[in-house]
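Here is the structure we will look at, set down as structure tokens.
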Amino acid sequence: MTAEETPSTMAHRIAINGYGRIGQCVLRALIEQQRAEQQRAGQQGAAQRRAGPLDHEPELEIVAINELSDLATIAYLTRYDTTHGRFPGEVSARDGHLVVDGRAIRVLSEPDPDRLPWRELGIDLVLECSGSFKERATAQRHLAAGAGRLLFSQPAEADVDATIVSGINDHELAPAQRIVSAASCTTNCLVPVLTVLDEALGIEHGVTTTIHSAMNDQPVIDAYHQTDLRLTRSAMHSIVPVDTGLARGINRLMPHLAGRFECLHVRVPTINVSAMDLAITVRRDTSAAEVNALLAEASRGRLSGLLGYTEEPMASVDFNHDPRSGIVDATQTRVAGGHLIKLLCWFDNEWGFANRMLDVARRLGRHAPRYPLIPFRFPQDEEHAPMNVRKMTDLDLSGKRVLIREDLNVPVKHGKVTSDARLRAALPSIQAALDGGARVLLMSHLGRPTEGEPAEEFSLAPVAEHLGELLGRPVRLVKDYLGDEVASEDGEVVLLENVRFNRGEKKDDETLSKQYAALCDIYVMDAFGTAHRAQASTHGVARFAPLACAGPLLAAELDALEKALATPARPMAAIVGGSRSPPSWRCSTPSPRSATS
């Protein structure tokens, strides 16, 4: 796919925050998956997703990377990789973008999550791959910046919405879960194995030793480390014990085993592929043959593509670039006394986990709105680039508090609306939101009152009454709505009093904008006539709302503008006017010979 093509699929828009080993592997793994899918589609004559437990998930598209390194280095490390080889495609850097196989990915270098342009870029999901934090508070800053959800690439604090291990509890993901962890490479390797054996044999106790490849927090030669004296020692010359939180992961995902496991972790002088040395005691008598048979069956059945099984005499290097969570080495299975089981499981701690990140991202995509996949175009590539607009009609509005900014500034005389053209124009948008199951809140200005000084002559009460007549249902006017939840029932339409009664509206005040945003789950800008004004109800609220989009009226105007700019009918005459147009302007119909664009 090139940057000039517009695919017909719907995309879940991804940003990678932190482009280290996992971030780089996530991008490469996605590209390799998509290439494999395209190849299969070509061979079979129809587009098909990759086989596995996560068929029919939404298309993922990485549209941004936030990394504090420079763009040239980012491109270089994408193109060349000691562990996984050269990138199997074209990689370049151009105009602040990493261009991968013709797809332009915006590259940012912003340490402050509050300043990231996730809302501007329409980011559905941030993959937090920096490893720098694991707490909910920082994750929420990404959401406040406009991201729909955040997925940690490491175990997070217990207050996140969910910790997910693919094949075990990913089916429990729900729309309300916005801050999620994909656990760790070790947890993804271990928990599927424990689940199979616990269900069949009943686990009593266990001890694990993770034999893990060296990581980038270790020095090549002895050097200082801030917190761990062992990590001052050379990664290439020592087996180094380090602390591990794996037991906490087991407790969280398998709470009935809480307190029954102890876990150790050592780093060894290899650059990739690790092993899990597992010893467990079980309630009933078993044998090595039965244990292997249970795990082999699971690898062919419900955990296919996630749990591997081999009886070949293999070494760690043989599992480099293996996308599975873990592979049971059946040649090393031992059982002592019928109840003590010893197992060895291999896992690519980079590639396997990167694939699990993508699996969870697809699962999360089930609960997010689907948007047309609109590729980035460099301005110099063509005269007019397409507009990338998120539309209300593309969203799932059911049960959501939808705040629609309409232009209901109609003439009112003696408490009655004298011309309702703007109200009628807004009806389809309002009705579409109602039909979508939304709890509809409307906001608008009326006239030019002195800001911060409510005046009855500028009240929207007559507008609420007339709009209710047009809709065939009551429209309730709410005067005091700042700082409070506006209660509304399903199918009800609520009109908020004149926004210009609120101090700070015209100055786009941040505090007022946040108060507007707190009223809604989705903000809809549908007032084309006032969209040019950077005011709190037209601009500021969109910065802080959980989700912002264009309503049908605004979307229609933007579509018309795009058509006029990109593919105008010729000959064409443009008539530009407004209250500030010079009175000396005159309009005439040009002859075909003199018409220009």
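Ordered as shown in the structure tokens, chains take letters A, B, and onward, while each chain numbers its residues from 1 and ligands are numbered from 1 in the order shown.
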Per residue of range 217-307 of chain A within 10 Å of range 177-197 of chain A, note the shortest atom pair and the distance in Å to one decimal, counting only C-alpha atoms, and order the rows by chain and increasing residue number, as a Markdown table.
```
| residue | atom | partner | partner_atom | distance |
| --- | --- | --- | --- | --- |
| A:Thr244 | CA | A:Thr186 | CA | 9.9 |
| A:Gly245 | CA | A:Thr187 | CA | 9.7 |
| A:Leu246 | CA | A:Thr187 | CA | 6.6 |
| A:Ala247 | CA | A:Thr187 | CA | 9.1 |
| A:Arg248 | CA | A:Thr187 | CA | 9.8 |
| A:Gly249 | CA | A:Thr187 | CA | 6.6 |
| A:Ile250 | CA | A:Val191 | CA | 7.1 |
| A:Leu253 | CA | A:Val191 | CA | 7.9 |
| A:Met254 | CA | A:Val191 | CA | 8.2 |
| A:Ser274 | CA | A:Thr186 | CA | 8.8 |
| A:Ala275 | CA | A:Thr186 | CA | 8.8 |
| A:Met276 | CA | A:Leu190 | CA | 7.4 |
| A:Asp277 | CA | A:Leu190 | CA | 9.7 |
| A:Leu278 | CA | A:Leu190 | CA | 8.5 |
| A:Ile280 | CA | A:Leu194 | CA | 9.1 |
| A:Val282 | CA | A:Leu197 | CA | 8.4 |
| A:Val291 | CA | A:Leu197 | CA | 7.5 |
| A:Leu294 | CA | A:Val196 | CA | 7.2 |
| A:Leu295 | CA | A:Val196 | CA | 6.9 |
| A:Glu297 | CA | A:Val196 | CA | 9.7 |
| A:Ala298 | CA | A:Val196 | CA | 7.3 |
| A:Ser299 | CA | A:Val193 | CA | 9.8 |
| A:Leu303 | CA | A:Pro192 | CA | 7.9 |
| A:Leu306 | CA | A:Pro192 | CA | 8.5 |
| A:Leu307 | CA | A:Pro192 | CA | 7.2 |
```
Take the residues from that selection and write them out as a short mmCIF file (atom, residue, chain, number, x, y, z; two decimals), in the first residue's frame, keeping N, CA, C and O atoms.
```
data_model
loop_
_atom_site.label_atom_id
_atom_site.label_comp_id
_atom_site.auth_asym_id
_atom_site.auth_seq_id
_atom_site.Cartn_x
_atom_site.Cartn_y
_atom_site.Cartn_z
N THR A 244 11.96 -9.63 40.35
CA THR A 244 10.87 -9.86 39.41
C THR A 244 9.53 -9.70 40.12
O THR A 244 9.40 -10.04 41.30
N GLY A 245 8.56 -9.20 39.40
CA GLY A 245 7.19 -9.08 39.92
C GLY A 245 6.27 -10.15 39.37
O GLY A 245 5.05 -10.01 39.43
N LEU A 246 6.84 -11.24 38.86
CA LEU A 246 6.02 -12.28 38.21
C LEU A 246 5.01 -12.88 39.18
O LEU A 246 3.87 -13.18 38.78
N ALA A 247 5.38 -13.06 40.44
CA ALA A 247 4.43 -13.63 41.40
C ALA A 247 3.19 -12.75 41.54
O ALA A 247 2.06 -13.25 41.67
N ARG A 248 3.38 -11.42 41.50
CA ARG A 248 2.22 -10.51 41.57
C ARG A 248 1.32 -10.68 40.36
O ARG A 248 0.10 -10.60 40.46
N GLY A 249 1.95 -10.93 39.19
CA GLY A 249 1.15 -11.16 37.99
C GLY A 249 0.31 -12.42 38.10
O GLY A 249 -0.85 -12.45 37.67
N ILE A 250 0.89 -13.48 38.66
CA ILE A 250 0.13 -14.72 38.86
C ILE A 250 -1.03 -14.47 39.81
O ILE A 250 -2.17 -14.90 39.57
N LEU A 253 -3.86 -12.52 37.98
CA LEU A 253 -4.58 -13.24 36.93
C LEU A 253 -5.18 -14.56 37.40
O LEU A 253 -6.15 -15.04 36.81
N MET A 254 -4.59 -15.15 38.42
CA MET A 254 -5.09 -16.42 38.97
C MET A 254 -5.19 -16.26 40.48
O MET A 254 -4.41 -16.84 41.24
N SER A 274 14.26 -16.16 25.77
CA SER A 274 14.39 -16.50 27.18
C SER A 274 13.72 -17.85 27.43
O SER A 274 13.09 -18.42 26.55
N ALA A 275 13.84 -18.33 28.66
CA ALA A 275 13.22 -19.61 29.02
C ALA A 275 12.61 -19.49 30.41
O ALA A 275 13.11 -18.77 31.27
N MET A 276 11.52 -20.24 30.63
CA MET A 276 10.86 -20.30 31.92
C MET A 276 11.08 -21.70 32.49
O MET A 276 10.63 -22.70 31.92
N ASP A 277 11.79 -21.75 33.62
CA ASP A 277 12.01 -23.01 34.34
C ASP A 277 10.96 -23.07 35.44
O ASP A 277 10.96 -22.27 36.38
N LEU A 278 10.03 -24.04 35.31
CA LEU A 278 8.84 -24.07 36.16
C LEU A 278 8.79 -25.38 36.95
O LEU A 278 8.92 -26.46 36.37
N ILE A 280 6.14 -27.18 39.77
CA ILE A 280 4.86 -27.07 40.47
C ILE A 280 4.49 -28.40 41.09
O ILE A 280 4.88 -29.47 40.60
N VAL A 282 1.12 -30.69 42.14
CA VAL A 282 -0.29 -30.81 41.77
C VAL A 282 -0.99 -31.78 42.71
O VAL A 282 -0.36 -32.61 43.38
N VAL A 291 1.32 -34.94 31.25
CA VAL A 291 1.54 -33.50 31.23
C VAL A 291 1.80 -33.02 29.81
O VAL A 291 1.20 -32.02 29.34
N LEU A 294 -1.42 -33.08 27.71
CA LEU A 294 -2.32 -31.96 28.01
C LEU A 294 -1.87 -30.68 27.31
O LEU A 294 -2.69 -29.95 26.72
N LEU A 295 -0.57 -30.39 27.38
CA LEU A 295 -0.06 -29.16 26.78
C LEU A 295 -0.05 -29.23 25.25
O LEU A 295 -0.32 -28.24 24.58
N GLU A 297 -2.20 -30.90 23.41
CA GLU A 297 -3.60 -30.73 22.98
C GLU A 297 -4.01 -29.26 23.02
O GLU A 297 -4.66 -28.76 22.10
N ALA A 298 -3.62 -28.55 24.08
CA ALA A 298 -3.96 -27.12 24.18
C ALA A 298 -3.29 -26.32 23.07
O ALA A 298 -3.88 -25.38 22.53
N SER A 299 -2.06 -26.70 22.69
CA SER A 299 -1.34 -25.97 21.64
C SER A 299 -2.00 -26.15 20.28
O SER A 299 -1.86 -25.31 19.40
N LEU A 303 -5.48 -22.82 22.49
CA LEU A 303 -4.34 -21.90 22.59
C LEU A 303 -3.46 -21.95 21.34
O LEU A 303 -2.30 -21.54 21.37
N LEU A 306 -0.73 -19.36 20.24
CA LEU A 306 -0.25 -18.71 21.46
C LEU A 306 0.69 -19.61 22.24
O LEU A 306 1.75 -19.17 22.69
N LEU A 307 0.31 -20.86 22.42
CA LEU A 307 1.14 -21.83 23.13
C LEU A 307 1.72 -22.80 22.11
O LEU A 307 0.99 -23.40 21.32
#
```
List the spatial neighbours of Leu364 in chain A as a PyMOL selection string - criterion: any atom at most 12 Å away, only C-alpha atoms, same-chain residues fewer than 5 positions off excluded. chain A and resi 12-14+54+57-60+124-127+148-151+162+164+166+170-182+357-359+369-370
Could the residues in this selection be saved with N, CA and C atoms as a CSV table (one decimal), in the first residue's frame?
```
chain,number,residue,atom,x,y,z
A,12,HIS,N,-8.1,1.3,13.0
A,12,HIS,CA,-8.0,1.7,14.5
A,12,HIS,C,-6.6,2.4,14.6
A,13,ARG,N,-6.7,3.7,14.9
A,13,ARG,CA,-5.5,4.5,14.7
A,13,ARG,C,-4.6,4.4,16.0
A,14,ILE,N,-3.4,4.0,15.8
A,14,ILE,CA,-2.4,3.7,16.9
A,14,ILE,C,-1.3,4.7,16.9
A,54,LEU,N,-7.8,-14.6,17.0
A,54,LEU,CA,-8.3,-13.2,16.9
A,54,LEU,C,-8.7,-12.8,15.5
A,57,GLU,N,-10.8,-9.1,13.5
A,57,GLU,CA,-10.5,-7.9,14.3
A,57,GLU,C,-10.3,-6.7,13.4
A,58,PRO,N,-10.4,-5.5,13.9
A,58,PRO,CA,-10.3,-4.3,13.1
A,58,PRO,C,-8.8,-4.1,12.5
A,59,GLU,N,-8.7,-3.4,11.4
A,59,GLU,CA,-7.4,-3.1,10.9
A,59,GLU,C,-6.7,-2.1,11.8
A,60,LEU,N,-5.4,-2.3,12.0
A,60,LEU,CA,-4.6,-1.4,12.8
A,60,LEU,C,-3.8,-0.6,11.9
A,124,ASP,N,-6.9,6.4,18.5
A,124,ASP,CA,-7.8,5.5,19.2
A,124,ASP,C,-7.1,4.8,20.4
A,125,LEU,N,-5.8,4.5,20.2
A,125,LEU,CA,-5.1,3.7,21.2
A,125,LEU,C,-3.6,4.1,21.2
A,126,VAL,N,-3.1,4.4,22.4
A,126,VAL,CA,-1.7,4.6,22.6
A,126,VAL,C,-1.1,3.3,23.1
A,127,LEU,N,0.0,2.8,22.5
A,127,LEU,CA,0.7,1.7,23.0
A,127,LEU,C,1.9,2.3,23.8
A,148,GLY,N,-8.0,7.6,22.8
A,148,GLY,CA,-9.2,6.9,23.2
A,148,GLY,C,-8.9,5.9,24.3
A,149,ARG,N,-7.8,5.2,24.2
A,149,ARG,CA,-7.4,4.2,25.2
A,149,ARG,C,-5.8,4.2,25.3
A,150,LEU,N,-5.3,3.5,26.3
A,150,LEU,CA,-3.9,3.3,26.5
A,150,LEU,C,-3.6,1.8,26.9
A,151,LEU,N,-2.6,1.2,26.2
A,151,LEU,CA,-2.2,-0.1,26.5
A,151,LEU,C,-0.8,-0.2,27.0
A,162,ALA,N,-7.8,-3.2,33.5
A,162,ALA,CA,-7.6,-4.6,33.2
A,162,ALA,C,-6.2,-5.0,32.9
A,164,ILE,N,-4.4,-8.0,30.8
A,164,ILE,CA,-4.8,-9.0,29.8
A,164,ILE,C,-3.7,-9.9,29.4
A,166,SER,N,-3.4,-12.8,26.5
A,166,SER,CA,-4.1,-13.3,25.3
A,166,SER,C,-4.4,-14.8,25.4
A,170,ASP,N,-8.7,-12.3,27.6
A,170,ASP,CA,-8.9,-11.2,26.7
A,170,ASP,C,-10.4,-11.1,26.3
A,171,HIS,N,-11.2,-12.1,26.5
A,171,HIS,CA,-12.6,-12.1,26.2
A,171,HIS,C,-13.3,-11.2,27.2
A,172,GLU,N,-12.7,-10.9,28.3
A,172,GLU,CA,-13.3,-10.1,29.3
A,172,GLU,C,-13.2,-8.6,29.1
A,173,LEU,N,-12.5,-8.1,28.1
A,173,LEU,CA,-12.4,-6.7,27.8
A,173,LEU,C,-13.7,-6.1,27.5
A,174,ALA,N,-13.9,-4.9,28.1
A,174,ALA,CA,-15.2,-4.2,28.0
A,174,ALA,C,-15.0,-2.8,27.5
A,175,PRO,N,-16.1,-2.2,26.9
A,175,PRO,CA,-15.9,-0.9,26.3
A,175,PRO,C,-15.5,0.2,27.4
A,176,ALA,N,-15.9,0.0,28.6
A,176,ALA,CA,-15.5,1.0,29.6
A,176,ALA,C,-14.1,0.9,30.1
A,177,GLN,N,-13.3,-0.1,29.7
A,177,GLN,CA,-11.9,-0.3,30.1
A,177,GLN,C,-11.0,0.5,29.1
A,178,ARG,N,-10.4,1.6,29.6
A,178,ARG,CA,-9.7,2.5,28.8
A,178,ARG,C,-8.2,2.5,29.1
A,179,ILE,N,-7.8,2.0,30.3
A,179,ILE,CA,-6.4,1.9,30.6
A,179,ILE,C,-6.1,0.4,30.9
A,180,VAL,N,-5.3,-0.2,30.1
A,180,VAL,CA,-5.2,-1.7,30.1
A,180,VAL,C,-3.7,-2.0,30.0
A,181,SER,N,-3.3,-3.1,30.6
A,181,SER,CA,-1.9,-3.7,30.5
A,181,SER,C,-1.9,-5.0,29.8
A,182,ALA,N,-0.9,-5.2,29.0
A,182,ALA,CA,-0.8,-6.5,28.3
A,182,ALA,C,0.1,-7.4,29.1
A,357,MET,N,0.9,-7.7,22.1
A,357,MET,CA,0.4,-6.3,22.2
A,357,MET,C,-0.6,-6.0,21.0
A,358,LEU,N,-0.2,-6.5,19.8
A,358,LEU,CA,-1.1,-6.3,18.7
A,358,LEU,C,-2.4,-7.1,18.9
A,359,ASP,N,-2.4,-8.3,19.4
A,359,ASP,CA,-3.6,-9.0,19.7
A,359,ASP,C,-4.5,-8.3,20.6
A,369,PRO,N,-15.0,3.1,18.0
A,369,PRO,CA,-15.5,3.5,16.7
A,369,PRO,C,-14.5,3.1,15.5
A,370,ARG,N,-15.0,2.8,14.4
A,370,ARG,CA,-14.2,2.5,13.2
A,370,ARG,C,-14.2,3.7,12.3
```
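Residues surrounding Val499 in chain A within 7 Å are Met443, Ser444, His445 and Glu505 of chain A [only C-alpha atoms; sequence separation below 4 positions excluded].
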Keeping only N, CA, C and O atoms, write the selected residues as a short mmCIF file (atom, residue, chain, number, x, y, z; two decimals), in the first residue's frame.
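Result saved to again_28.cif:
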```
data_model
loop_
_atom_site.label_atom_id
_atom_site.label_comp_id
_atom_site.auth_asym_id
_atom_site.auth_seq_id
_atom_site.Cartn_x
_atom_site.Cartn_y
_atom_site.Cartn_z
N MET A 443 -25.95 22.95 22.64
CA MET A 443 -25.45 24.25 23.11
C MET A 443 -25.36 25.20 21.93
O MET A 443 -25.08 24.79 20.79
N SER A 444 -25.60 26.48 22.19
CA SER A 444 -25.56 27.49 21.14
C SER A 444 -25.46 28.87 21.79
O SER A 444 -25.66 29.02 23.00
N HIS A 445 -25.13 29.85 20.96
CA HIS A 445 -25.22 31.23 21.43
C HIS A 445 -26.49 31.83 20.84
O HIS A 445 -27.13 31.25 19.95
N GLU A 505 -16.28 32.61 27.63
CA GLU A 505 -16.68 31.95 26.38
C GLU A 505 -15.92 32.50 25.18
O GLU A 505 -15.30 31.75 24.43
#
```
Once DSSP has gone over the backbone, tell me which residues of range 410-563 of chain A are in strand (DSSP E or B), as a PyMOL selection string. chain A and resi 412-413+416-417+439-443+475-478+493-496+522-525+548-550
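In terms of minimum interatomic distance to Ala330 in chain A, A:Ala296 ranks closest within A:Ala235, A:Ala93, A:Ala296, A:Ala425, counting only C-alpha atoms.
Checking A:Arg302, A:His237, A:His225, A:His265 one by one against Ile211 in chain A, counting only C-alpha atoms, you find the shortest gap at A:His265.
If only C-alpha atoms are the atoms counted, then among A:Arg476, A:Cys345, A:Phe544, A:Thr138 the closest residue to Glu311 in chain A is A:Cys345.
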DSSP-assigned alpha helix (DSSP H) among range 176-363 of chain A, expressed as a PyMOL selection string: chain A and resi 185-201+246-253+288-300+351-363
Taking N, CA and C atoms for each residue, export the selection above as a short mmCIF file (atom, residue, chain, number, x, y, z; two decimals), in the first residue's frame.
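Resulting contents of out-v1.cif:
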```cif
data_model
loop_
_atom_site.label_atom_id
_atom_site.label_comp_id
_atom_site.auth_asym_id
_atom_site.auth_seq_id
_atom_site.Cartn_x
_atom_site.Cartn_y
_atom_site.Cartn_z
N CYS A 185 6.14 -10.28 29.10
CA CYS A 185 6.49 -11.44 28.27
C CYS A 185 6.51 -12.71 29.11
N THR A 186 6.96 -12.61 30.36
CA THR A 186 7.02 -13.80 31.22
C THR A 186 5.63 -14.26 31.62
N THR A 187 4.74 -13.31 31.95
CA THR A 187 3.38 -13.66 32.33
C THR A 187 2.64 -14.30 31.16
N ASN A 188 2.83 -13.77 29.96
CA ASN A 188 2.17 -14.34 28.79
C ASN A 188 2.68 -15.74 28.48
N CYS A 189 3.94 -16.02 28.80
CA CYS A 189 4.48 -17.36 28.62
C CYS A 189 3.93 -18.31 29.69
N LEU A 190 3.91 -17.88 30.94
CA LEU A 190 3.64 -18.76 32.06
C LEU A 190 2.16 -19.05 32.28
N VAL A 191 1.31 -18.03 32.28
CA VAL A 191 -0.09 -18.19 32.69
C VAL A 191 -0.86 -19.18 31.82
N PRO A 192 -0.70 -19.20 30.48
CA PRO A 192 -1.40 -20.24 29.71
C PRO A 192 -1.02 -21.66 30.14
N VAL A 193 0.26 -21.89 30.42
CA VAL A 193 0.70 -23.22 30.87
C VAL A 193 0.08 -23.55 32.22
N LEU A 194 0.12 -22.61 33.15
CA LEU A 194 -0.47 -22.84 34.46
C LEU A 194 -1.97 -23.11 34.36
N THR A 195 -2.65 -22.38 33.49
CA THR A 195 -4.09 -22.55 33.35
C THR A 195 -4.44 -23.96 32.90
N VAL A 196 -3.73 -24.48 31.89
CA VAL A 196 -3.99 -25.83 31.39
C VAL A 196 -3.76 -26.87 32.48
N LEU A 197 -2.65 -26.76 33.19
CA LEU A 197 -2.32 -27.76 34.20
C LEU A 197 -3.20 -27.63 35.44
N ASP A 198 -3.56 -26.40 35.80
CA ASP A 198 -4.42 -26.21 36.96
C ASP A 198 -5.80 -26.80 36.72
N GLU A 199 -6.35 -26.60 35.53
CA GLU A 199 -7.68 -27.13 35.22
C GLU A 199 -7.69 -28.65 35.24
N ALA A 200 -6.61 -29.26 34.78
CA ALA A 200 -6.58 -30.73 34.66
C ALA A 200 -6.09 -31.43 35.92
N LEU A 201 -5.11 -30.82 36.62
CA LEU A 201 -4.43 -31.52 37.70
C LEU A 201 -4.58 -30.84 39.06
N LEU A 246 6.84 -11.24 38.86
CA LEU A 246 6.02 -12.28 38.21
C LEU A 246 5.01 -12.88 39.18
N ALA A 247 5.38 -13.06 40.44
CA ALA A 247 4.43 -13.63 41.40
C ALA A 247 3.19 -12.75 41.54
N ARG A 248 3.38 -11.42 41.50
CA ARG A 248 2.22 -10.51 41.57
C ARG A 248 1.32 -10.68 40.36
N GLY A 249 1.95 -10.93 39.19
CA GLY A 249 1.15 -11.16 37.99
C GLY A 249 0.31 -12.42 38.10
N ILE A 250 0.89 -13.48 38.66
CA ILE A 250 0.13 -14.72 38.86
C ILE A 250 -1.03 -14.47 39.81
N ASN A 251 -0.76 -13.75 40.90
CA ASN A 251 -1.81 -13.46 41.87
C ASN A 251 -2.96 -12.68 41.24
N ARG A 252 -2.62 -11.73 40.36
CA ARG A 252 -3.65 -10.89 39.76
C ARG A 252 -4.50 -11.66 38.77
N LEU A 253 -3.86 -12.52 37.98
CA LEU A 253 -4.58 -13.24 36.93
C LEU A 253 -5.18 -14.56 37.40
N ALA A 288 4.89 -37.60 33.20
CA ALA A 288 5.42 -36.70 32.18
C ALA A 288 4.65 -36.84 30.88
N ALA A 289 4.27 -38.06 30.54
CA ALA A 289 3.52 -38.29 29.30
C ALA A 289 2.17 -37.59 29.34
N GLU A 290 1.48 -37.64 30.50
CA GLU A 290 0.17 -36.99 30.60
C GLU A 290 0.32 -35.47 30.54
N VAL A 291 1.32 -34.94 31.25
CA VAL A 291 1.54 -33.50 31.23
C VAL A 291 1.80 -33.02 29.81
N ASN A 292 2.67 -33.71 29.08
CA ASN A 292 2.96 -33.31 27.69
C ASN A 292 1.73 -33.43 26.82
N ALA A 293 0.93 -34.48 27.04
CA ALA A 293 -0.28 -34.65 26.22
C ALA A 293 -1.26 -33.51 26.46
N LEU A 294 -1.42 -33.08 27.71
CA LEU A 294 -2.32 -31.96 28.01
C LEU A 294 -1.87 -30.68 27.31
N LEU A 295 -0.57 -30.39 27.38
CA LEU A 295 -0.06 -29.16 26.78
C LEU A 295 -0.05 -29.23 25.25
N ALA A 296 0.23 -30.41 24.69
CA ALA A 296 0.20 -30.57 23.24
C ALA A 296 -1.21 -30.35 22.70
N GLU A 297 -2.20 -30.90 23.41
CA GLU A 297 -3.60 -30.73 22.98
C GLU A 297 -4.01 -29.26 23.02
N ALA A 298 -3.62 -28.55 24.08
CA ALA A 298 -3.96 -27.12 24.18
C ALA A 298 -3.29 -26.32 23.07
N SER A 299 -2.06 -26.70 22.69
CA SER A 299 -1.34 -25.97 21.64
C SER A 299 -2.00 -26.15 20.28
N ARG A 300 -2.70 -27.28 20.11
CA ARG A 300 -3.40 -27.52 18.84
C ARG A 300 -4.83 -26.99 18.86
N TRP A 351 9.73 -10.53 20.34
CA TRP A 351 8.80 -10.73 19.23
C TRP A 351 7.47 -11.32 19.69
N GLY A 352 7.54 -12.31 20.58
CA GLY A 352 6.30 -12.90 21.07
C GLY A 352 5.44 -11.87 21.77
N PHE A 353 6.05 -11.06 22.62
CA PHE A 353 5.27 -10.07 23.37
C PHE A 353 4.75 -8.97 22.44
N ALA A 354 5.52 -8.56 21.45
CA ALA A 354 5.05 -7.55 20.50
C ALA A 354 3.79 -8.04 19.78
N ASN A 355 3.77 -9.32 19.43
CA ASN A 355 2.57 -9.89 18.80
C ASN A 355 1.39 -9.91 19.76
N ARG A 356 1.65 -10.12 21.06
CA ARG A 356 0.55 -10.08 22.03
C ARG A 356 0.01 -8.66 22.18
N MET A 357 0.89 -7.68 22.11
CA MET A 357 0.43 -6.29 22.16
C MET A 357 -0.56 -6.02 21.02
N LEU A 358 -0.24 -6.51 19.84
CA LEU A 358 -1.13 -6.31 18.69
C LEU A 358 -2.43 -7.07 18.86
N ASP A 359 -2.37 -8.27 19.44
CA ASP A 359 -3.60 -9.03 19.68
C ASP A 359 -4.53 -8.26 20.62
N VAL A 360 -4.00 -7.73 21.70
CA VAL A 360 -4.83 -6.99 22.65
C VAL A 360 -5.33 -5.69 22.00
N ALA A 361 -4.49 -5.06 21.18
CA ALA A 361 -4.91 -3.84 20.48
C ALA A 361 -6.12 -4.12 19.60
N ARG A 362 -6.11 -5.27 18.93
CA ARG A 362 -7.25 -5.63 18.08
C ARG A 362 -8.49 -5.88 18.93
N ARG A 363 -8.31 -6.54 20.05
CA ARG A 363 -9.45 -6.76 20.94
C ARG A 363 -10.03 -5.43 21.40
#
```
Which residues, written as a ChimeraX atom specification, have at least one atom at most 9 Å from Val486 in chain A, with only C-alpha atoms counted and residues fewer than 5 positions away on the same chain left out? /A:441,478,480-481,494,519
Spatial neighbours of range 99-116 of chain A, max dist 7 Å, only C-alpha atoms, sep filter under 5 positions, as a JSON list (two decimals) with C-alpha atoms, in the first residue's frame:
```json
[["chain", "number", "residue", "atom", "x", "y", "z"],
["A", 1, "MET", "CA", 0.00, 0.00, 0.00],
["A", 2, "THR", "CA", 1.35, 3.39, -0.91],
["A", 3, "ALA", "CA", 0.60, 6.78, 0.52],
["A", 62, "ILE", "CA", 0.23, 3.13, 13.21],
["A", 63, "VAL", "CA", -0.03, 6.85, 12.54],
["A", 64, "ALA", "CA", 2.36, 8.34, 15.12],
["A", 65, "ILE", "CA", 5.47, 7.56, 17.14],
["A", 66, "ASN", "CA", 6.61, 9.61, 20.13],
["A", 67, "GLU", "CA", 10.31, 9.05, 20.83],
["A", 68, "LEU", "CA", 12.87, 11.43, 22.30],
["A", 89, "GLY", "CA", 10.80, -3.17, 3.03],
["A", 90, "GLU", "CA", 11.51, 0.48, 2.36],
["A", 91, "VAL", "CA", 12.27, 2.82, 5.27],
["A", 92, "SER", "CA", 13.09, 6.53, 5.01],
["A", 93, "ALA", "CA", 12.77, 9.78, 6.93],
["A", 94, "ARG", "CA", 10.97, 12.74, 5.43],
["A", 141, "ARG", "CA", -2.78, 12.36, 30.83],
["A", 142, "HIS", "CA", -2.61, 10.61, 27.45],
["A", 145, "ALA", "CA", -4.64, 14.71, 25.39],
["A", 376, "PHE", "CA", -1.22, 11.00, 5.08]]
```
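Atom to atom, CA of Leu442 in chain A and CA of Asp394 in chain A stand 19.4 Å apart.
Candidate residues A:Ile168, A:Ile327, A:Val266, A:Leu340 were compared for distance to Thr286 in chain A, and the nearest is A:Leu340, using only C-alpha atoms.
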Go through A:Arg119, A:Arg366, A:Arg260, A:Lys342 one by one, measure the shortest atom-to-atom distance of each to Arg390 in chain A using only C-alpha atoms, and give the residue with the smallest value. A:Arg119
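Interatomic distance, CA of Ile221 in chain A against CA of Ser238 in chain A: 10.3 Å.
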Need the shell around Phe133 in chain A: protein/DNA/RNA residues with any atom at most 10 Å away, counting only C-alpha atoms. Skip same-chain ones fewer than 6 positions apart. Format as a ChimeraX atom specification? /A:139,152,154-157
